[in-house]
>>> print(open('data22.pdb').read())   # PDB, C-alpha atoms
ATOM      1  CA  MET E 290      -9.017 -58.907 -86.582  1.00  0.00           C
ATOM      2  CA  ASP E 291      -5.893 -58.373 -84.504  1.00  0.00           C
ATOM      3  CA  ALA E 292      -5.962 -57.314 -80.865  1.00  0.00           C
ATOM      4  CA  LEU E 293      -5.119 -53.669 -81.546  1.00  0.00           C
ATOM      5  CA  THR E 294      -8.003 -53.353 -83.993  1.00  0.00           C
ATOM      6  CA  LEU E 295     -10.460 -54.987 -81.607  1.00  0.00           C
ATOM      7  CA  LEU E 296      -9.377 -52.720 -78.739  1.00  0.00           C
ATOM      8  CA  GLY E 297      -9.285 -49.627 -80.943  1.00  0.00           C
ATOM      9  CA  PHE E 298     -11.767 -46.781 -80.987  1.00  0.00           C
ATOM     10  CA  GLY E 299     -14.323 -46.245 -83.707  1.00  0.00           C
ATOM     11  CA  GLU E 300     -16.609 -48.540 -85.672  1.00  0.00           C
ATOM     12  CA  THR E 301     -14.193 -51.457 -85.876  1.00  0.00           C
ATOM     13  CA  GLY E 302     -13.097 -51.568 -82.232  1.00  0.00           C
ATOM     14  CA  TRP E 303     -14.548 -51.918 -78.760  1.00  0.00           C
ATOM     15  CA  GLY E 304     -12.300 -49.355 -77.082  1.00  0.00           C
ATOM     16  CA  ASP E 305     -14.947 -46.653 -76.809  1.00  0.00           C
ATOM     17  CA  ASP E 306     -17.484 -49.080 -75.299  1.00  0.00           C
ATOM     18  CA  ILE E 307     -15.007 -50.367 -72.730  1.00  0.00           C
ATOM     19  CA  ALA E 308     -13.911 -46.805 -71.913  1.00  0.00           C
ATOM     20  CA  ALA E 309     -17.565 -45.951 -71.276  1.00  0.00           C
ATOM     21  CA  GLY E 310     -17.692 -48.971 -68.959  1.00  0.00           C
ATOM     22  CA  VAL E 311     -14.709 -47.616 -67.016  1.00  0.00           C
ATOM     23  CA  VAL E 312     -16.568 -44.316 -66.554  1.00  0.00           C
ATOM     24  CA  VAL E 313     -19.648 -46.153 -65.279  1.00  0.00           C
ATOM     25  CA  THR E 314     -17.600 -48.272 -62.848  1.00  0.00           C
ATOM     26  CA  ALA E 315     -15.705 -45.266 -61.496  1.00  0.00           C
ATOM     27  CA  SER E 316     -18.871 -43.139 -61.285  1.00  0.00           C
ATOM     28  CA  LEU E 317     -20.805 -45.845 -59.444  1.00  0.00           C
ATOM     29  CA  SER E 318     -17.965 -46.358 -56.956  1.00  0.00           C
ATOM     30  CA  LEU E 319     -17.533 -42.636 -56.293  1.00  0.00           C
ATOM     31  CA  ALA E 320     -21.297 -42.098 -55.974  1.00  0.00           C
ATOM     32  CA  THR E 321     -21.634 -45.006 -53.536  1.00  0.00           C
ATOM     33  CA  LEU E 322     -18.701 -44.024 -51.308  1.00  0.00           C
ATOM     34  CA  PRO E 323     -20.221 -40.947 -49.588  1.00  0.00           C
ATOM     35  CA  ILE E 324     -23.483 -42.819 -48.966  1.00  0.00           C
ATOM     36  CA  GLY E 325     -21.620 -45.685 -47.336  1.00  0.00           C
ATOM     37  CA  LEU E 326     -19.346 -43.424 -45.283  1.00  0.00           C
ATOM     38  CA  VAL E 327     -22.088 -41.139 -43.949  1.00  0.00           C
ATOM     39  CA  PHE E 328     -24.546 -43.940 -43.238  1.00  0.00           C
ATOM     40  CA  GLY E 329     -21.805 -46.098 -41.705  1.00  0.00           C
ATOM     41  CA  PHE E 330     -20.731 -43.232 -39.440  1.00  0.00           C
ATOM     42  CA  LEU E 331     -24.330 -42.692 -38.299  1.00  0.00           C
ATOM     43  CA  LEU E 332     -24.741 -46.411 -37.641  1.00  0.00           C
ATOM     44  CA  ALA E 333     -21.586 -46.376 -35.510  1.00  0.00           C
ATOM     45  CA  LEU E 334     -23.003 -43.476 -33.494  1.00  0.00           C
ATOM     46  CA  ALA E 335     -26.288 -45.363 -33.098  1.00  0.00           C
ATOM     47  CA  LYS E 336     -24.458 -48.427 -31.806  1.00  0.00           C
ATOM     48  CA  GLN E 337     -22.957 -46.289 -29.045  1.00  0.00           C
ATOM     49  CA  SER E 338     -26.270 -44.671 -28.177  1.00  0.00           C
ATOM     50  CA  ASN E 339     -27.867 -45.102 -24.775  1.00  0.00           C
ATOM     51  CA  ASP E 340     -31.200 -45.493 -26.572  1.00  0.00           C
ATOM     52  CA  ARG E 341     -31.712 -49.271 -26.571  1.00  0.00           C
ATOM     53  CA  LEU E 342     -34.095 -49.216 -29.553  1.00  0.00           C
ATOM     54  CA  LEU E 343     -31.675 -47.171 -31.663  1.00  0.00           C
ATOM     55  CA  ASN E 344     -28.774 -49.390 -30.634  1.00  0.00           C
ATOM     56  CA  LEU E 345     -30.719 -52.574 -31.402  1.00  0.00           C
ATOM     57  CA  SER E 346     -31.930 -51.267 -34.780  1.00  0.00           C
ATOM     58  CA  ALA E 347     -28.388 -50.405 -35.870  1.00  0.00           C
ATOM     59  CA  ASN E 348     -27.078 -53.811 -34.830  1.00  0.00           C
ATOM     60  CA  ILE E 349     -29.900 -55.646 -36.612  1.00  0.00           C
ATOM     61  CA  PHE E 350     -29.251 -53.626 -39.789  1.00  0.00           C
ATOM     62  CA  THR E 351     -25.541 -54.386 -39.836  1.00  0.00           C
ATOM     63  CA  THR E 352     -26.097 -58.061 -39.009  1.00  0.00           C
ATOM     64  CA  ILE E 353     -28.493 -58.446 -41.945  1.00  0.00           C
ATOM     65  CA  PHE E 354     -26.444 -56.648 -44.586  1.00  0.00           C
ATOM     66  CA  ARG E 355     -23.110 -58.077 -43.465  1.00  0.00           C
ATOM     67  CA  GLY E 356     -24.636 -61.534 -43.661  1.00  0.00           C
ATOM     68  CA  LEU E 357     -26.392 -61.299 -47.033  1.00  0.00           C
ATOM     69  CA  PRO E 358     -24.401 -61.843 -50.250  1.00  0.00           C
ATOM     70  CA  GLU E 359     -23.937 -58.542 -52.103  1.00  0.00           C
ATOM     71  CA  LEU E 360     -25.639 -59.977 -55.191  1.00  0.00           C
ATOM     72  CA  LEU E 361     -28.723 -60.896 -53.183  1.00  0.00           C
ATOM     73  CA  THR E 362     -28.838 -57.383 -51.719  1.00  0.00           C
ATOM     74  CA  LEU E 363     -28.624 -55.996 -55.251  1.00  0.00           C
ATOM     75  CA  PHE E 364     -31.555 -58.167 -56.367  1.00  0.00           C
ATOM     76  CA  LEU E 365     -33.496 -57.149 -53.250  1.00  0.00           C
ATOM     77  CA  VAL E 366     -33.159 -53.466 -54.159  1.00  0.00           C
ATOM     78  CA  TYR E 367     -33.522 -53.743 -57.932  1.00  0.00           C
ATOM     79  CA  PHE E 368     -36.425 -56.179 -58.045  1.00  0.00           C
ATOM     80  CA  GLY E 369     -37.932 -55.848 -54.568  1.00  0.00           C
ATOM     81  CA  VAL E 370     -37.968 -52.067 -54.250  1.00  0.00           C
ATOM     82  CA  ASN E 371     -39.060 -51.580 -57.858  1.00  0.00           C
ATOM     83  CA  SER E 372     -41.875 -54.081 -57.344  1.00  0.00           C
ATOM     84  CA  ALA E 373     -42.993 -52.206 -54.211  1.00  0.00           C
ATOM     85  CA  LEU E 374     -42.843 -48.877 -56.060  1.00  0.00           C
ATOM     86  CA  ASN E 375     -44.864 -50.329 -58.928  1.00  0.00           C
ATOM     87  CA  SER E 376     -47.531 -51.593 -56.521  1.00  0.00           C
ATOM     88  CA  LEU E 377     -47.618 -48.199 -54.799  1.00  0.00           C
ATOM     89  CA  THR E 378     -48.025 -46.214 -58.004  1.00  0.00           C
ATOM     90  CA  THR E 379     -50.689 -48.624 -59.285  1.00  0.00           C
ATOM     91  CA  ALA E 380     -52.684 -48.367 -56.058  1.00  0.00           C
ATOM     92  CA  THR E 381     -52.425 -44.579 -55.763  1.00  0.00           C
ATOM     93  CA  GLY E 382     -52.605 -43.615 -59.414  1.00  0.00           C
ATOM     94  CA  LEU E 383     -49.318 -41.741 -59.217  1.00  0.00           C
ATOM     95  CA  PRO E 384     -46.932 -41.630 -62.192  1.00  0.00           C
ATOM     96  CA  ASP E 385     -44.681 -44.675 -62.519  1.00  0.00           C
ATOM     97  CA  ILE E 386     -41.552 -44.549 -60.357  1.00  0.00           C
ATOM     98  CA  ALA E 387     -38.665 -46.948 -60.794  1.00  0.00           C
ATOM     99  CA  LEU E 388     -35.062 -47.147 -59.678  1.00  0.00           C
ATOM    100  CA  SER E 389     -32.593 -47.279 -62.539  1.00  0.00           C
ATOM    101  CA  SER E 390     -29.851 -49.899 -62.621  1.00  0.00           C
ATOM    102  CA  PHE E 391     -27.329 -47.254 -61.575  1.00  0.00           C
ATOM    103  CA  VAL E 392     -29.382 -46.029 -58.599  1.00  0.00           C
ATOM    104  CA  SER E 393     -30.202 -49.604 -57.550  1.00  0.00           C
ATOM    105  CA  GLY E 394     -26.513 -50.490 -57.621  1.00  0.00           C
ATOM    106  CA  MET E 395     -25.633 -47.355 -55.689  1.00  0.00           C
ATOM    107  CA  VAL E 396     -28.224 -48.064 -52.986  1.00  0.00           C
ATOM    108  CA  ALA E 397     -27.429 -51.776 -52.666  1.00  0.00           C
ATOM    109  CA  LEU E 398     -23.661 -51.358 -52.557  1.00  0.00           C
ATOM    110  CA  GLY E 399     -24.074 -48.307 -50.315  1.00  0.00           C
ATOM    111  CA  VAL E 400     -25.966 -50.172 -47.590  1.00  0.00           C
ATOM    112  CA  VAL E 401     -23.494 -53.069 -47.695  1.00  0.00           C
ATOM    113  CA  PHE E 402     -20.559 -50.660 -47.486  1.00  0.00           C
ATOM    114  CA  ALA E 403     -22.272 -48.831 -44.606  1.00  0.00           C
ATOM    115  CA  ALA E 404     -22.846 -52.055 -42.668  1.00  0.00           C
ATOM    116  CA  PHE E 405     -19.151 -52.948 -42.781  1.00  0.00           C
ATOM    117  CA  ALA E 406     -17.959 -49.343 -42.375  1.00  0.00           C
ATOM    118  CA  SER E 407     -20.006 -49.005 -39.177  1.00  0.00           C
ATOM    119  CA  GLU E 408     -17.859 -51.704 -37.561  1.00  0.00           C
ATOM    120  CA  VAL E 409     -14.671 -49.957 -38.699  1.00  0.00           C
ATOM    121  CA  PHE E 410     -15.888 -46.631 -37.286  1.00  0.00           C
ATOM    122  CA  LEU E 411     -17.040 -48.298 -34.077  1.00  0.00           C
ATOM    123  CA  SER E 412     -13.603 -49.831 -33.504  1.00  0.00           C
ATOM    124  CA  ALA E 413     -12.007 -46.457 -34.206  1.00  0.00           C
ATOM    125  CA  PHE E 414     -14.310 -44.735 -31.717  1.00  0.00           C
ATOM    126  CA  ARG E 415     -13.358 -47.258 -29.047  1.00  0.00           C
ATOM    127  CA  ALA E 416      -9.659 -46.661 -29.730  1.00  0.00           C
ATOM    128  CA  ILE E 417      -9.968 -42.974 -28.812  1.00  0.00           C
ATOM    129  CA  PRO E 418      -9.629 -42.426 -25.030  1.00  0.00           C
ATOM    130  CA  HIS E 419     -12.891 -41.247 -23.496  1.00  0.00           C
ATOM    131  CA  GLY E 420     -10.966 -38.627 -21.531  1.00  0.00           C
ATOM    132  CA  GLN E 421     -10.424 -36.630 -24.713  1.00  0.00           C
ATOM    133  CA  ARG E 422     -14.151 -36.047 -25.035  1.00  0.00           C
ATOM    134  CA  GLU E 423     -14.355 -35.002 -21.395  1.00  0.00           C
ATOM    135  CA  GLY E 424     -11.326 -32.736 -21.828  1.00  0.00           C
ATOM    136  CA  GLY E 425     -12.918 -31.007 -24.812  1.00  0.00           C
ATOM    137  CA  LEU E 426     -16.148 -30.440 -22.900  1.00  0.00           C
ATOM    138  CA  ALA E 427     -14.164 -29.129 -19.902  1.00  0.00           C
ATOM    139  CA  LEU E 428     -12.535 -26.547 -22.187  1.00  0.00           C
ATOM    140  CA  GLY E 429     -15.966 -25.202 -23.060  1.00  0.00           C
ATOM    141  CA  LEU E 430     -16.376 -26.856 -26.452  1.00  0.00           C
ATOM    142  CA  GLY E 431     -19.856 -28.053 -27.355  1.00  0.00           C
ATOM    143  CA  ARG E 432     -20.491 -31.673 -28.251  1.00  0.00           C
ATOM    144  CA  PHE E 433     -20.516 -30.868 -31.969  1.00  0.00           C
ATOM    145  CA  LYS E 434     -17.163 -29.050 -31.783  1.00  0.00           C
ATOM    146  CA  VAL E 435     -15.636 -31.862 -29.708  1.00  0.00           C
ATOM    147  CA  MET E 436     -16.696 -34.314 -32.409  1.00  0.00           C
ATOM    148  CA  LEU E 437     -15.497 -32.079 -35.254  1.00  0.00           C
ATOM    149  CA  LEU E 438     -12.216 -30.815 -33.793  1.00  0.00           C
ATOM    150  CA  VAL E 439     -11.106 -33.544 -31.376  1.00  0.00           C
ATOM    151  CA  ILE E 440     -12.674 -36.884 -32.301  1.00  0.00           C
ATOM    152  CA  LEU E 441     -13.109 -36.779 -36.077  1.00  0.00           C
ATOM    153  CA  PRO E 442      -9.446 -36.110 -37.049  1.00  0.00           C
ATOM    154  CA  GLN E 443      -8.316 -39.063 -34.934  1.00  0.00           C
ATOM    155  CA  LEU E 444     -11.201 -41.195 -36.168  1.00  0.00           C
ATOM    156  CA  ILE E 445     -10.219 -40.710 -39.817  1.00  0.00           C
ATOM    157  CA  LYS E 446      -6.614 -41.646 -39.094  1.00  0.00           C
ATOM    158  CA  ILE E 447      -7.522 -44.801 -37.142  1.00  0.00           C
ATOM    159  CA  ALA E 448     -10.300 -45.934 -39.485  1.00  0.00           C
ATOM    160  CA  LEU E 449      -8.453 -45.232 -42.762  1.00  0.00           C
ATOM    161  CA  PRO E 450      -6.836 -48.703 -43.247  1.00  0.00           C
ATOM    162  CA  GLY E 451     -10.157 -50.471 -42.729  1.00  0.00           C
ATOM    163  CA  LEU E 452     -12.053 -48.031 -44.937  1.00  0.00           C
ATOM    164  CA  ALA E 453      -9.377 -48.369 -47.636  1.00  0.00           C
ATOM    165  CA  ASN E 454      -9.978 -52.132 -47.729  1.00  0.00           C
ATOM    166  CA  LEU E 455     -13.725 -51.540 -48.002  1.00  0.00           C
ATOM    167  CA  TRP E 456     -13.140 -49.148 -50.905  1.00  0.00           C
ATOM    168  CA  MET E 457     -11.115 -51.799 -52.739  1.00  0.00           C
ATOM    169  CA  ASN E 458     -13.938 -54.290 -52.172  1.00  0.00           C
ATOM    170  CA  LEU E 459     -16.436 -51.718 -53.432  1.00  0.00           C
ATOM    171  CA  LEU E 460     -14.487 -51.297 -56.684  1.00  0.00           C
ATOM    172  CA  LYS E 461     -14.671 -55.047 -57.253  1.00  0.00           C
ATOM    173  CA  ASP E 462     -18.304 -55.335 -56.185  1.00  0.00           C
ATOM    174  CA  THR E 463     -19.379 -52.859 -58.875  1.00  0.00           C
ATOM    175  CA  ALA E 464     -18.915 -55.751 -61.310  1.00  0.00           C
ATOM    176  CA  LEU E 465     -22.107 -57.258 -59.854  1.00  0.00           C
ATOM    177  CA  VAL E 466     -24.254 -54.542 -61.451  1.00  0.00           C
ATOM    178  CA  SER E 467     -23.584 -56.128 -64.843  1.00  0.00           C
ATOM    179  CA  VAL E 468     -26.275 -58.707 -64.008  1.00  0.00           C
ATOM    180  CA  ILE E 469     -28.965 -55.995 -63.878  1.00  0.00           C
ATOM    181  CA  GLY E 470     -27.964 -54.478 -67.191  1.00  0.00           C
ATOM    182  CA  LEU E 471     -25.641 -51.640 -66.194  1.00  0.00           C
ATOM    183  CA  SER E 472     -22.907 -51.215 -68.800  1.00  0.00           C
ATOM    184  CA  ASP E 473     -19.848 -51.319 -66.564  1.00  0.00           C
ATOM    185  CA  ILE E 474     -16.409 -52.704 -67.405  1.00  0.00           C
ATOM    186  CA  LEU E 475     -17.435 -56.327 -66.980  1.00  0.00           C
ATOM    187  CA  ARG E 476     -20.646 -56.121 -69.004  1.00  0.00           C
ATOM    188  CA  GLN E 477     -18.960 -54.306 -71.886  1.00  0.00           C
ATOM    189  CA  SER E 478     -16.157 -56.871 -71.827  1.00  0.00           C
ATOM    190  CA  GLN E 479     -18.685 -59.727 -71.851  1.00  0.00           C
ATOM    191  CA  ILE E 480     -20.495 -58.283 -74.862  1.00  0.00           C
ATOM    192  CA  ALA E 481     -17.243 -57.678 -76.745  1.00  0.00           C
ATOM    193  CA  ALA E 482     -15.981 -61.184 -75.915  1.00  0.00           C
ATOM    194  CA  ARG E 483     -19.221 -62.799 -77.082  1.00  0.00           C
ATOM    195  CA  VAL E 484     -19.438 -60.857 -80.348  1.00  0.00           C
ATOM    196  CA  SER E 485     -15.743 -61.092 -81.270  1.00  0.00           C
ATOM    197  CA  ARG E 486     -15.227 -64.597 -79.834  1.00  0.00           C
ATOM    198  CA  GLU E 487     -12.081 -63.329 -78.126  1.00  0.00           C
ATOM    199  CA  PRO E 488     -12.832 -63.912 -74.428  1.00  0.00           C
ATOM    200  CA  PHE E 489      -9.209 -64.012 -73.306  1.00  0.00           C
ATOM    201  CA  LEU E 490      -8.464 -60.626 -74.889  1.00  0.00           C
ATOM    202  CA  PHE E 491     -11.413 -58.758 -73.450  1.00  0.00           C
ATOM    203  CA  PHE E 492     -11.540 -60.377 -70.021  1.00  0.00           C
ATOM    204  CA  GLY E 493      -7.786 -59.821 -69.814  1.00  0.00           C
ATOM    205  CA  THR E 494      -8.408 -56.166 -70.637  1.00  0.00           C
ATOM    206  CA  ALA E 495     -11.007 -56.021 -67.852  1.00  0.00           C
ATOM    207  CA  ILE E 496      -8.452 -57.455 -65.420  1.00  0.00           C
ATOM    208  CA  VAL E 497      -5.924 -54.791 -66.384  1.00  0.00           C
ATOM    209  CA  LEU E 498      -8.500 -52.003 -66.014  1.00  0.00           C
ATOM    210  CA  TYR E 499      -9.607 -53.152 -62.542  1.00  0.00           C
ATOM    211  CA  LEU E 500      -5.965 -53.401 -61.475  1.00  0.00           C
ATOM    212  CA  LEU E 501      -5.297 -49.879 -62.789  1.00  0.00           C
ATOM    213  CA  LEU E 502      -8.244 -48.537 -60.796  1.00  0.00           C
ATOM    214  CA  THR E 503      -6.894 -50.328 -57.724  1.00  0.00           C
ATOM    215  CA  ILE E 504      -3.403 -48.875 -58.214  1.00  0.00           C
ATOM    216  CA  LEU E 505      -4.791 -45.346 -58.668  1.00  0.00           C
ATOM    217  CA  SER E 506      -6.862 -45.848 -55.520  1.00  0.00           C
ATOM    218  CA  SER E 507      -3.752 -46.941 -53.618  1.00  0.00           C
ATOM    219  CA  PHE E 508      -1.985 -43.712 -54.576  1.00  0.00           C
ATOM    220  CA  ALA E 509      -5.002 -41.650 -53.496  1.00  0.00           C
ATOM    221  CA  ILE E 510      -5.296 -43.515 -50.188  1.00  0.00           C
ATOM    222  CA  GLY E 511      -1.562 -43.037 -49.584  1.00  0.00           C
ATOM    223  CA  GLY E 512      -2.024 -39.296 -50.097  1.00  0.00           C
ATOM    224  CA  ILE E 513      -4.883 -39.207 -47.599  1.00  0.00           C
ATOM    225  CA  ASP E 514      -2.785 -41.200 -45.127  1.00  0.00           C
ATOM    226  CA  ARG E 515       0.084 -38.707 -45.414  1.00  0.00           C
ATOM    227  CA  TRP E 516      -2.398 -35.868 -44.932  1.00  0.00           C
ATOM    228  CA  THR E 517      -3.735 -37.397 -41.706  1.00  0.00           C
ATOM    229  CA  LYS E 518      -0.163 -37.710 -40.372  1.00  0.00           C
ATOM    230  CA  ARG E 519       0.981 -34.215 -41.391  1.00  0.00           C
ATOM    231  CA  GLY E 520       1.092 -32.984 -37.800  1.00  0.00           C
ATOM    232  CA  GLU E 521       3.092 -35.911 -36.427  1.00  0.00           C
ATOM    233  CA  VAL E 522       6.693 -35.472 -35.370  1.00  0.00           C
ATOM    234  CA  ALA E 523       9.020 -37.609 -37.458  1.00  0.00           C
ATOM    235  CA  LYS E 524      10.668 -40.399 -35.490  1.00  0.00           C
TER     236      LYS E 524
END
>>> encode(input="data22.pdb", output="C-alpha cells")
Amino acid sequence: MDALTLLGFGETGWGDDIAAGVVVTASLSLATLPIGLVFGFLLALAKQSNDRLLNLSANIFTTIFRGLPELLTLFLVYFGVNSALNSLTTATGLPDIALSSFVSGMVALGVVFAAFASEVFLSAFRAIPHGQREGGLALGLGRFKVMLLVILPQLIKIALPGLANLWMNLLKDTALVSVIGLSDILRQSQIAARVSREPFLFFGTAIVLYLLLTILSSFAIGGIDRWTKRGEVAK
C-alpha cells in the first residue's frame, strides 16, 4: 500500500485510529492542566506559609515529584494506587474500584506538573513587591480581594513563560501513557507501524502531529500573553 492509503480513513487506512489518538492526547493534556495549575498554586501558597508543618510538607512533596522520573510516577499511580484500592475493596467487601489508564495518567502527570509549577508560582510571588499587598489591605480590601485583584493578575503575567514551558513538556509527557495501554498518538502509531511494517511513515506522522499541537499551543500562549499585557502603555 502507498502512504496515502495507509494514512487514509476507513477500513484500509489508519487515519481514523491516529485521529482518535490525537483526541486522547489533547484531552489528557487539557484535563491534566487545571489539576496541575490549581495544585501547584496551592503548593506555592503552602511554601510561603508561616505554618512550619505545611511549609515542610509542600517542600517534601515537590522534592519527591521533581526528582522522580515521570514514567516511575505513572507506574506508582497506575500499579501502586490500583493495588492499594484492590486490597481495600477486598478487605472491606466494597465493589471493585480501579483507576483507568486515562485517570492514572491524569493524576500522575498532574502531580508532576504541580510540583514544577509550584516553583514557577513561588518565583512569581517573590517578584511581586510585598508593599502591594500592604497597600491593598490599607485600602480596605480583604485578603481574598487583594489576591484576586492585585496579586493574581501580576502573578499570571510573571509566571506565564515558565508555565508555558511546563505545558509544552506536558504535551510530550502524555506519550508515556502509551505504556499503560492508553491509545494516544504514540500507541496508535506504534500499532500501525508494527502491523503495516512502515515505522518511518507512522512515527514520522506522530512527529508531525506533536509539532502541530506544539505550534497551536504557541499561538494560544501568545494570545494569553497579549491579554495579560493589554493594559500596558506601548513603548
>>> atom_distance(input="data22.pdb", atom1="CA of Ala347 in chain E", atom2="CA of Ser318 in chain E")
23.9 Å
>>> closest_residue(input="data22.pdb", among="E:Leu363, E:Leu411, E:Ala387, E:Val435", to="Phe330 in chain E", atoms="all atoms listed in the file")
E:Leu411
>>> atom_distance(input="data22.pdb", atom1="CA of Lys518 in chain E", atom2="CA of Pro442 in chain E")
10.0 Å
>>> residues_around(input="data22.pdb", residues="Leu449 in chain E", least_positions_apart="3", cutoff="9 Å", atoms="all atoms listed in the file", output="PyMOL selection string")
chain E and resi 409+444-446+452-454+510+513-514
>>> write_last_selection(input="data22.pdb", atoms="C-alpha atoms", output="short mmCIF file (atom, residue, chain, number, x, y, z; two decimals), in the coordinates of the input")
data_model
loop_
_atom_site.label_atom_id
_atom_site.label_comp_id
_atom_site.auth_asym_id
_atom_site.auth_seq_id
_atom_site.Cartn_x
_atom_site.Cartn_y
_atom_site.Cartn_z
CA VAL E 409 -14.67 -49.96 -38.70
CA LEU E 444 -11.20 -41.20 -36.17
CA ILE E 445 -10.22 -40.71 -39.82
CA LYS E 446 -6.61 -41.65 -39.09
CA LEU E 452 -12.05 -48.03 -44.94
CA ALA E 453 -9.38 -48.37 -47.64
CA ASN E 454 -9.98 -52.13 -47.73
CA ILE E 510 -5.30 -43.52 -50.19
CA ILE E 513 -4.88 -39.21 -47.60
CA ASP E 514 -2.78 -41.20 -45.13
#
>>> resolve_selection(input="data22.pdb", expression="the PyMOL selection byres ((chain E and resi 293-307) around 8)", output="ChimeraX atom specification")
/E:290-292,308-311,473-474,477-478,481
>>> residues_near_point(input="data22.pdb", point="(-6.2, -50.5, -66.2)", cutoff="12 Å", atoms="all atoms listed in the file", output="PDB file with C-alpha atoms, in the frame of the given file")
ATOM      1  CA  ILE E 307     -15.007 -50.367 -72.730  1.00  0.00           C
ATOM      2  CA  ALA E 308     -13.911 -46.805 -71.913  1.00  0.00           C
ATOM      3  CA  GLY E 310     -17.692 -48.971 -68.959  1.00  0.00           C
ATOM      4  CA  VAL E 311     -14.709 -47.616 -67.016  1.00  0.00           C
ATOM      5  CA  ALA E 315     -15.705 -45.266 -61.496  1.00  0.00           C
ATOM      6  CA  ILE E 474     -16.409 -52.704 -67.405  1.00  0.00           C
ATOM      7  CA  PHE E 492     -11.540 -60.377 -70.021  1.00  0.00           C
ATOM      8  CA  GLY E 493      -7.786 -59.821 -69.814  1.00  0.00           C
ATOM      9  CA  THR E 494      -8.408 -56.166 -70.637  1.00  0.00           C
ATOM     10  CA  ALA E 495     -11.007 -56.021 -67.852  1.00  0.00           C
ATOM     11  CA  ILE E 496      -8.452 -57.455 -65.420  1.00  0.00           C
ATOM     12  CA  VAL E 497      -5.924 -54.791 -66.384  1.00  0.00           C
ATOM     13  CA  LEU E 498      -8.500 -52.003 -66.014  1.00  0.00           C
ATOM     14  CA  TYR E 499      -9.607 -53.152 -62.542  1.00  0.00           C
ATOM     15  CA  LEU E 500      -5.965 -53.401 -61.475  1.00  0.00           C
ATOM     16  CA  LEU E 501      -5.297 -49.879 -62.789  1.00  0.00           C
ATOM     17  CA  LEU E 502      -8.244 -48.537 -60.796  1.00  0.00           C
ATOM     18  CA  THR E 503      -6.894 -50.328 -57.724  1.00  0.00           C
ATOM     19  CA  ILE E 504      -3.403 -48.875 -58.214  1.00  0.00           C
ATOM     20  CA  LEU E 505      -4.791 -45.346 -58.668  1.00  0.00           C
ATOM     21  CA  SER E 506      -6.862 -45.848 -55.520  1.00  0.00           C
TER      22      SER E 506
END
>>> atom_distance(input="data22.pdb", atom1="CA of Thr463 in chain E", atom2="CA of Thr362 in chain E")
12.7 Å
